[in-house]
file final_6.cif (mmCIF, C-alpha atoms)
data_query
#
loop_
_atom_site.label_atom_id
_atom_site.label_comp_id
_atom_site.auth_asym_id
_atom_site.auth_seq_id
_atom_site.Cartn_x
_atom_site.Cartn_y
_atom_site.Cartn_z
CA MET A 1 79.37 -252.52 19.55
CA VAL A 2 80.50 -249.16 20.85
CA ALA A 3 79.88 -245.96 18.92
CA ALA A 4 82.88 -243.80 18.19
CA LYS A 5 83.07 -240.73 20.39
CA GLY A 6 83.59 -237.32 18.88
CA ASN A 7 82.47 -238.31 15.39
CA LYS A 8 79.13 -236.74 14.66
CA LEU A 9 77.91 -238.34 11.47
CA ASN A 10 74.79 -237.23 9.71
CA VAL A 11 73.90 -240.76 8.66
CA GLY A 12 70.23 -241.41 8.02
CA LYS A 13 69.19 -237.87 8.86
CA ARG A 14 67.62 -235.75 6.21
CA LYS A 15 68.49 -232.19 5.57
CA GLY A 16 65.86 -229.54 5.82
CA ALA A 17 62.83 -229.23 8.04
CA THR A 18 59.08 -229.27 7.79
CA VAL A 19 56.47 -227.31 9.69
CA LYS A 20 56.07 -230.25 12.08
CA ASP A 21 59.77 -230.10 13.05
CA VAL A 22 59.75 -226.58 14.54
CA ALA A 23 57.90 -224.87 17.36
CA ALA A 24 54.52 -223.51 16.32
CA ASN A 25 54.92 -220.04 17.81
CA LYS A 26 58.29 -219.45 16.13
CA TRP A 27 57.04 -220.65 12.76
CA VAL A 28 53.84 -218.59 12.92
CA ARG A 29 55.82 -215.48 13.84
CA ALA A 30 58.27 -216.03 10.98
CA MET A 31 55.50 -216.76 8.45
CA ALA A 32 53.51 -213.72 9.55
CA SER A 33 56.51 -211.45 9.02
CA HIS A 34 57.07 -213.07 5.60
CA LEU A 35 53.44 -212.49 4.62
CA LYS A 36 53.59 -208.89 5.78
CA GLN A 37 56.84 -208.09 3.99
CA SER A 38 55.79 -209.75 0.75
CA GLY A 39 52.90 -207.28 0.47
CA LYS A 40 50.84 -209.73 -1.61
CA LEU A 41 48.38 -210.75 1.11
CA PHE A 42 44.94 -209.21 0.76
CA VAL A 43 43.91 -207.56 4.04
CA PRO A 44 40.21 -206.66 4.23
CA ASN A 45 39.23 -203.18 5.38
CA CYS A 46 37.16 -204.50 8.27
CA THR A 47 40.08 -206.03 10.20
CA GLU A 48 40.27 -203.10 12.61
CA TYR A 49 36.62 -203.62 13.61
CA LEU A 50 36.50 -207.44 13.79
CA LYS A 51 36.50 -209.55 16.90
CA GLN A 52 38.06 -212.96 16.50
CA ASN A 53 35.53 -214.65 18.72
CA SER A 54 32.19 -213.93 20.35
CA ALA A 55 33.84 -214.69 23.69
CA ASN A 56 36.19 -211.71 23.32
CA ASP A 57 35.16 -208.37 24.75
CA ARG A 58 37.24 -206.32 22.31
CA GLY A 59 39.06 -206.74 19.05
CA PRO A 60 42.75 -207.67 18.92
CA GLN A 61 45.24 -205.09 20.20
CA ASN A 62 48.05 -206.10 17.82
CA ILE A 63 47.73 -204.25 14.49
CA ASP A 64 49.35 -207.20 12.66
CA TRP A 65 46.91 -209.75 14.03
CA TYR A 66 45.55 -210.62 10.59
CA TYR A 67 48.98 -211.76 9.37
CA TYR A 68 49.38 -213.96 12.44
CA ARG A 69 45.92 -215.46 11.93
CA CYS A 70 46.66 -216.20 8.24
CA ALA A 71 49.94 -217.88 9.21
CA ALA A 72 48.18 -219.95 11.90
CA VAL A 73 45.45 -220.96 9.43
CA LEU A 74 48.10 -221.97 6.88
CA ARG A 75 49.82 -224.10 9.52
CA ARG A 76 46.54 -225.73 10.49
CA ILE A 77 45.71 -226.56 6.86
CA TYR A 78 49.25 -227.92 6.41
CA GLN A 79 48.71 -230.30 9.32
CA ARG A 80 45.12 -231.28 8.49
CA PRO A 81 44.39 -231.06 4.75
CA GLY A 82 40.71 -230.93 3.85
CA VAL A 83 39.65 -228.97 6.92
CA GLY A 84 36.82 -226.47 6.46
CA TYR A 85 35.71 -223.35 8.31
CA GLY A 86 33.96 -225.37 11.01
CA GLY A 87 37.08 -227.46 11.63
CA LEU A 88 39.19 -224.31 11.72
CA SER A 89 36.89 -222.61 14.20
CA LYS A 90 37.49 -225.31 16.85
CA PRO A 91 41.21 -224.75 17.52
CA PHE A 92 40.79 -220.97 17.47
CA GLY A 93 37.91 -221.10 19.96
CA MET A 94 38.09 -220.21 23.65
CA LYS A 95 36.10 -220.22 26.88
CA LYS A 96 33.49 -217.50 27.26
CA ASN A 97 33.25 -215.69 30.58
CA ASN A 98 29.61 -215.70 31.60
CA GLY A 99 30.05 -213.73 34.79
CA SER A 100 28.85 -215.69 37.81
CA ARG A 101 27.61 -218.52 35.60
CA PRO A 102 29.99 -221.32 34.47
CA GLU A 103 32.27 -220.84 31.46
CA HIS A 104 31.45 -222.56 28.19
CA PHE A 105 33.56 -223.21 25.12
CA VAL A 106 32.73 -221.00 22.13
CA ARG A 107 34.05 -221.56 18.62
CA ALA A 108 35.86 -218.81 16.76
CA SER A 109 34.02 -216.58 14.32
CA LYS A 110 34.03 -218.00 10.83
CA GLY A 111 34.15 -214.62 9.07
CA PRO A 112 37.84 -213.87 9.79
CA LEU A 113 38.69 -217.49 8.95
CA HIS A 114 36.86 -217.09 5.63
CA TRP A 115 38.83 -213.93 4.83
CA ALA A 116 42.10 -215.59 5.84
CA CYS A 117 41.44 -218.54 3.53
CA LYS A 118 40.48 -216.20 0.67
CA SER A 119 43.68 -214.20 1.19
CA LEU A 120 45.82 -217.34 1.20
CA GLU A 121 44.03 -218.60 -1.92
CA GLY A 122 44.86 -215.30 -3.60
CA MET A 123 48.55 -215.96 -2.94
CA LYS A 124 48.06 -219.53 -4.25
CA LEU A 125 49.24 -221.06 -0.98
CA ILE A 126 46.01 -223.04 -0.44
CA THR A 127 43.18 -224.15 -2.69
CA LYS A 128 39.79 -225.81 -2.37
CA GLY A 129 39.91 -229.56 -1.85
CA LYS A 130 38.43 -232.07 -4.27
CA LYS A 131 35.91 -233.34 -1.73
CA SER A 132 35.65 -230.57 0.85
CA GLY A 133 37.60 -228.02 2.80
CA ARG A 134 40.95 -226.47 1.92
CA VAL A 135 44.26 -228.12 1.06
CA ILE A 136 47.75 -226.68 0.77
CA THR A 137 49.25 -226.33 -2.72
CA PRO A 138 52.74 -227.58 -3.62
CA GLU A 139 53.93 -223.97 -3.74
CA GLY A 140 52.45 -223.33 -0.30
CA ARG A 141 54.11 -226.47 1.09
CA ARG A 142 57.44 -225.36 -0.41
CA LYS A 143 57.22 -221.90 1.15
CA ALA A 144 56.09 -223.28 4.52
CA ASP A 145 58.95 -225.78 4.62
CA ALA A 146 61.49 -223.14 3.56
CA ILE A 147 60.41 -220.90 6.44
CA ALA A 148 60.52 -223.90 8.81
CA PHE A 149 64.08 -224.70 7.69
CA ASN A 150 65.17 -221.11 8.35
CA VAL A 151 63.50 -221.16 11.76
CA LYS A 152 65.21 -224.44 12.62
CA LEU A 153 68.59 -223.00 11.64
CA GLY A 154 67.84 -219.94 13.75
CA LYS A 155 68.52 -217.50 10.95
CA LYS A 156 67.57 -213.95 11.79
CA GLY A 157 66.22 -213.50 8.26
CA ALA A 158 63.58 -216.13 8.92
CA LEU A 159 62.22 -214.26 11.90
CA THR A 160 62.39 -210.76 10.45
CA GLY A 161 61.82 -211.60 6.80
CA LYS A 162 65.11 -209.99 5.74
CA LYS A 163 67.92 -211.73 3.93
CA THR A 164 71.15 -212.12 5.86
CA THR A 165 74.55 -211.66 4.27
CA LYS A 166 77.72 -213.55 5.12
CA LYS A 167 80.70 -211.56 6.31
#

call {"tool": "encode", "arguments": {"input": "final_6.cif", "output": "structure tokens"}}
result
Amino acid sequence: MVAAKGNKLNVGKRKGATVKDVAANKWVRAMASHLKQSGKLFVPNCTEYLKQNSANDRGPQNIDWYYYRCAAVLRRIYQRPGVGYGGLSKPFGMKKNNGSRPEHFVRASKGPLHWACKSLEGMKLITKGKKSGRVITPEGRRKADAIAFNVKLGKKGALTGKKTTKK
């Protein structure tokens, strides 16, 4: 049987997108801009003094790093529900430069991860799991998938957080 050429049918394909359907860096950037523009995310006062890891020499140079970290934590909890601070510190870890000695892997600091989870809980995007760790709420899943759908469509409003108007 030969498929008809030129006819592009949307048979069996669902509309919409989830966080798993889009590139991680694009989704995190779009979610971070959404969190920043909503103005509801609690940002602790100590963010300008924090290092993200004991392997880092200095703190982050980007002033919006906390929004990006919260978005990355939300994505991680979306993918692995029930993960705790220890499980979150593994993917955010890095190699520590020990000078002339060999490098060793060091987990991320759990303090900024704790504050990120508390901030996301304040927005009701995640909540504590029944057994352990954190899980994403239905509202958080809805918002995450809405941002993923906008990123997949390539809407400028998804990346900047602004609504686009049709001409």

call {"tool": "resolve_selection", "arguments": {"input": "final_6.cif", "expression": "the PyMOL selection byres ((chain A and resi 85) around 10)", "output": "ChimeraX atom specification"}}
result
/A:83-84,86-90,108-114,117,133-134

call {"tool": "atom_distance", "arguments": {"input": "final_6.cif", "atom1": "CA of Gln79 (chain A)", "atom2": "CA of Glu48 (chain A)"}}
result
28.7 Å

call {"tool": "resolve_selection", "arguments": {"input": "final_6.cif", "expression": "the PyMOL selection byres ((chain A and resi 25) around 12)", "output": "list in words"}}
result
Val19, Lys20, Val22, Ala23, Ala24, Lys26, Trp27, Val28, Arg29, Ala30, Met31, Ala32, Tyr68, Arg69, Ala71, Ala72, Arg75, Ala148, Val151 and Leu159 of chain A

call {"tool": "residues_around", "arguments": {"input": "final_6.cif", "residues": "Pro138 (chain A)", "least_positions_apart": "3", "cutoff": "10 Å", "atoms": "only C-alpha atoms", "output": "PyMOL selection string"}}
result
chain A and resi 124-126+135+141-144

call {"tool": "residues_around", "arguments": {"input": "final_6.cif", "residues": "Val106 (chain A)", "least_positions_apart": "5", "cutoff": "9 Å", "atoms": "all atoms listed in the file", "output": "ChimeraX atom specification"}}
result
/A:53-55,90,93-96

call {"tool": "atom_distance", "arguments": {"input": "final_6.cif", "atom1": "CA of Leu35 (chain A)", "atom2": "CA of Pro91 (chain A)"}}
result
21.6 Å

call {"tool": "atom_distance", "arguments": {"input": "final_6.cif", "atom1": "CA of Ile136 (chain A)", "atom2": "CA of Ala116 (chain A)"}}
result
13.4 Å

call {"tool": "closest_residue", "arguments": {"input": "final_6.cif", "among": "A:Asn150, A:Thr137, A:Ser119, A:Ser132", "to": "Pro44 (chain A)", "atoms": "only C-alpha atoms"}}
result
A:Ser119

call {"tool": "axis_aligned_box", "arguments": {"input": "final_6.cif", "around": "region 39-56 of chain A", "padding_each_side": "8 Å", "output": "lines of an AutoDock Vina configuration file"}}
result
center_x = 42.5
center_y = -208.9
center_z = 11.0
size_x = 36.7
size_y = 27.6
size_z = 41.3

call {"tool": "closest_residue", "arguments": {"input": "final_6.cif", "among": "A:Thr127, A:Asn97, A:Ser33, A:Asn62", "to": "Gly82 (chain A)", "atoms": "all atoms listed in the file"}}
result
A:Thr127

call {"tool": "closest_residue", "arguments": {"input": "final_6.cif", "among": "A:Gly16, A:Pro81, A:Gly122, A:Gly154", "to": "Val43 (chain A)", "atoms": "all atoms listed in the file"}}
result
A:Gly122

call {"tool": "closest_residue", "arguments": {"input": "final_6.cif", "among": "A:Lys40, A:Ala17, A:Asn56, A:Ala146", "to": "Phe105 (chain A)", "atoms": "all atoms listed in the file"}}
result
A:Asn56

call {"tool": "decode", "arguments": {"input": "final_6.cif", "residues": "region 61-77 of chain A", "atoms": "N, CA, C and O atoms", "output": "tab-separated table (two decimals), in the first residue's frame"}}
result
chain	number	residue	atom	x	y	z
A	61	GLN	N	27.01	34.53	37.86
A	61	GLN	CA	27.13	35.87	37.31
A	61	GLN	C	25.79	36.42	36.81
A	61	GLN	O	25.59	37.62	36.77
A	62	ASN	N	24.88	35.53	36.43
A	62	ASN	CA	23.57	35.95	35.93
A	62	ASN	C	22.70	36.36	37.13
A	62	ASN	O	22.56	35.60	38.09
A	63	ILE	N	22.10	37.54	37.07
A	63	ILE	CA	21.29	38.00	38.20
A	63	ILE	C	19.96	37.26	38.29
A	63	ILE	O	19.34	37.25	39.34
A	64	ASP	N	19.55	36.59	37.21
A	64	ASP	CA	18.29	35.83	37.21
A	64	ASP	C	18.53	34.34	37.41
A	64	ASP	O	17.68	33.53	37.08
A	65	TRP	N	19.66	33.98	38.00
A	65	TRP	CA	19.99	32.57	38.12
A	65	TRP	C	18.99	31.80	38.96
A	65	TRP	O	18.74	30.62	38.72
A	66	TYR	N	18.38	32.46	39.93
A	66	TYR	CA	17.45	31.76	40.83
A	66	TYR	C	16.21	31.30	40.06
A	66	TYR	O	15.68	30.22	40.31
A	67	TYR	N	15.74	32.12	39.12
A	67	TYR	CA	14.57	31.74	38.32
A	67	TYR	C	14.90	30.54	37.43
A	67	TYR	O	14.07	29.64	37.26
A	68	TYR	N	16.11	30.54	36.88
A	68	TYR	CA	16.52	29.40	36.05
A	68	TYR	C	16.65	28.13	36.89
A	68	TYR	O	16.28	27.05	36.44
A	69	ARG	N	17.17	28.26	38.09
A	69	ARG	CA	17.31	27.08	38.95
A	69	ARG	C	15.94	26.54	39.36
A	69	ARG	O	15.72	25.34	39.37
A	70	CYS	N	14.99	27.43	39.68
A	70	CYS	CA	13.64	26.99	40.03
A	70	CYS	C	12.98	26.28	38.85
A	70	CYS	O	12.30	25.26	39.03
A	71	ALA	N	13.16	26.82	37.65
A	71	ALA	CA	12.59	26.18	36.46
A	71	ALA	C	13.22	24.81	36.23
A	71	ALA	O	12.52	23.84	35.90
A	72	ALA	N	14.53	24.70	36.42
A	72	ALA	CA	15.22	23.42	36.23
A	72	ALA	C	14.79	22.40	37.29
A	72	ALA	O	14.62	21.22	36.99
A	73	VAL	N	14.58	22.87	38.51
A	73	VAL	CA	14.11	21.98	39.59
A	73	VAL	C	12.69	21.50	39.28
A	73	VAL	O	12.36	20.33	39.46
A	74	LEU	N	11.85	22.40	38.79
A	74	LEU	CA	10.48	22.02	38.43
A	74	LEU	C	10.48	20.98	37.32
A	74	LEU	O	9.72	20.01	37.37
A	75	ARG	N	11.36	21.14	36.34
A	75	ARG	CA	11.46	20.17	35.26
A	75	ARG	C	11.94	18.82	35.78
A	75	ARG	O	11.45	17.77	35.37
A	76	ARG	N	12.88	18.84	36.69
A	76	ARG	CA	13.41	17.60	37.25
A	76	ARG	C	12.34	16.86	38.06
A	76	ARG	O	12.24	15.64	38.00
A	77	ILE	N	11.55	17.61	38.82
A	77	ILE	CA	10.49	16.99	39.62
A	77	ILE	C	9.37	16.48	38.71
A	77	ILE	O	8.73	15.47	38.99
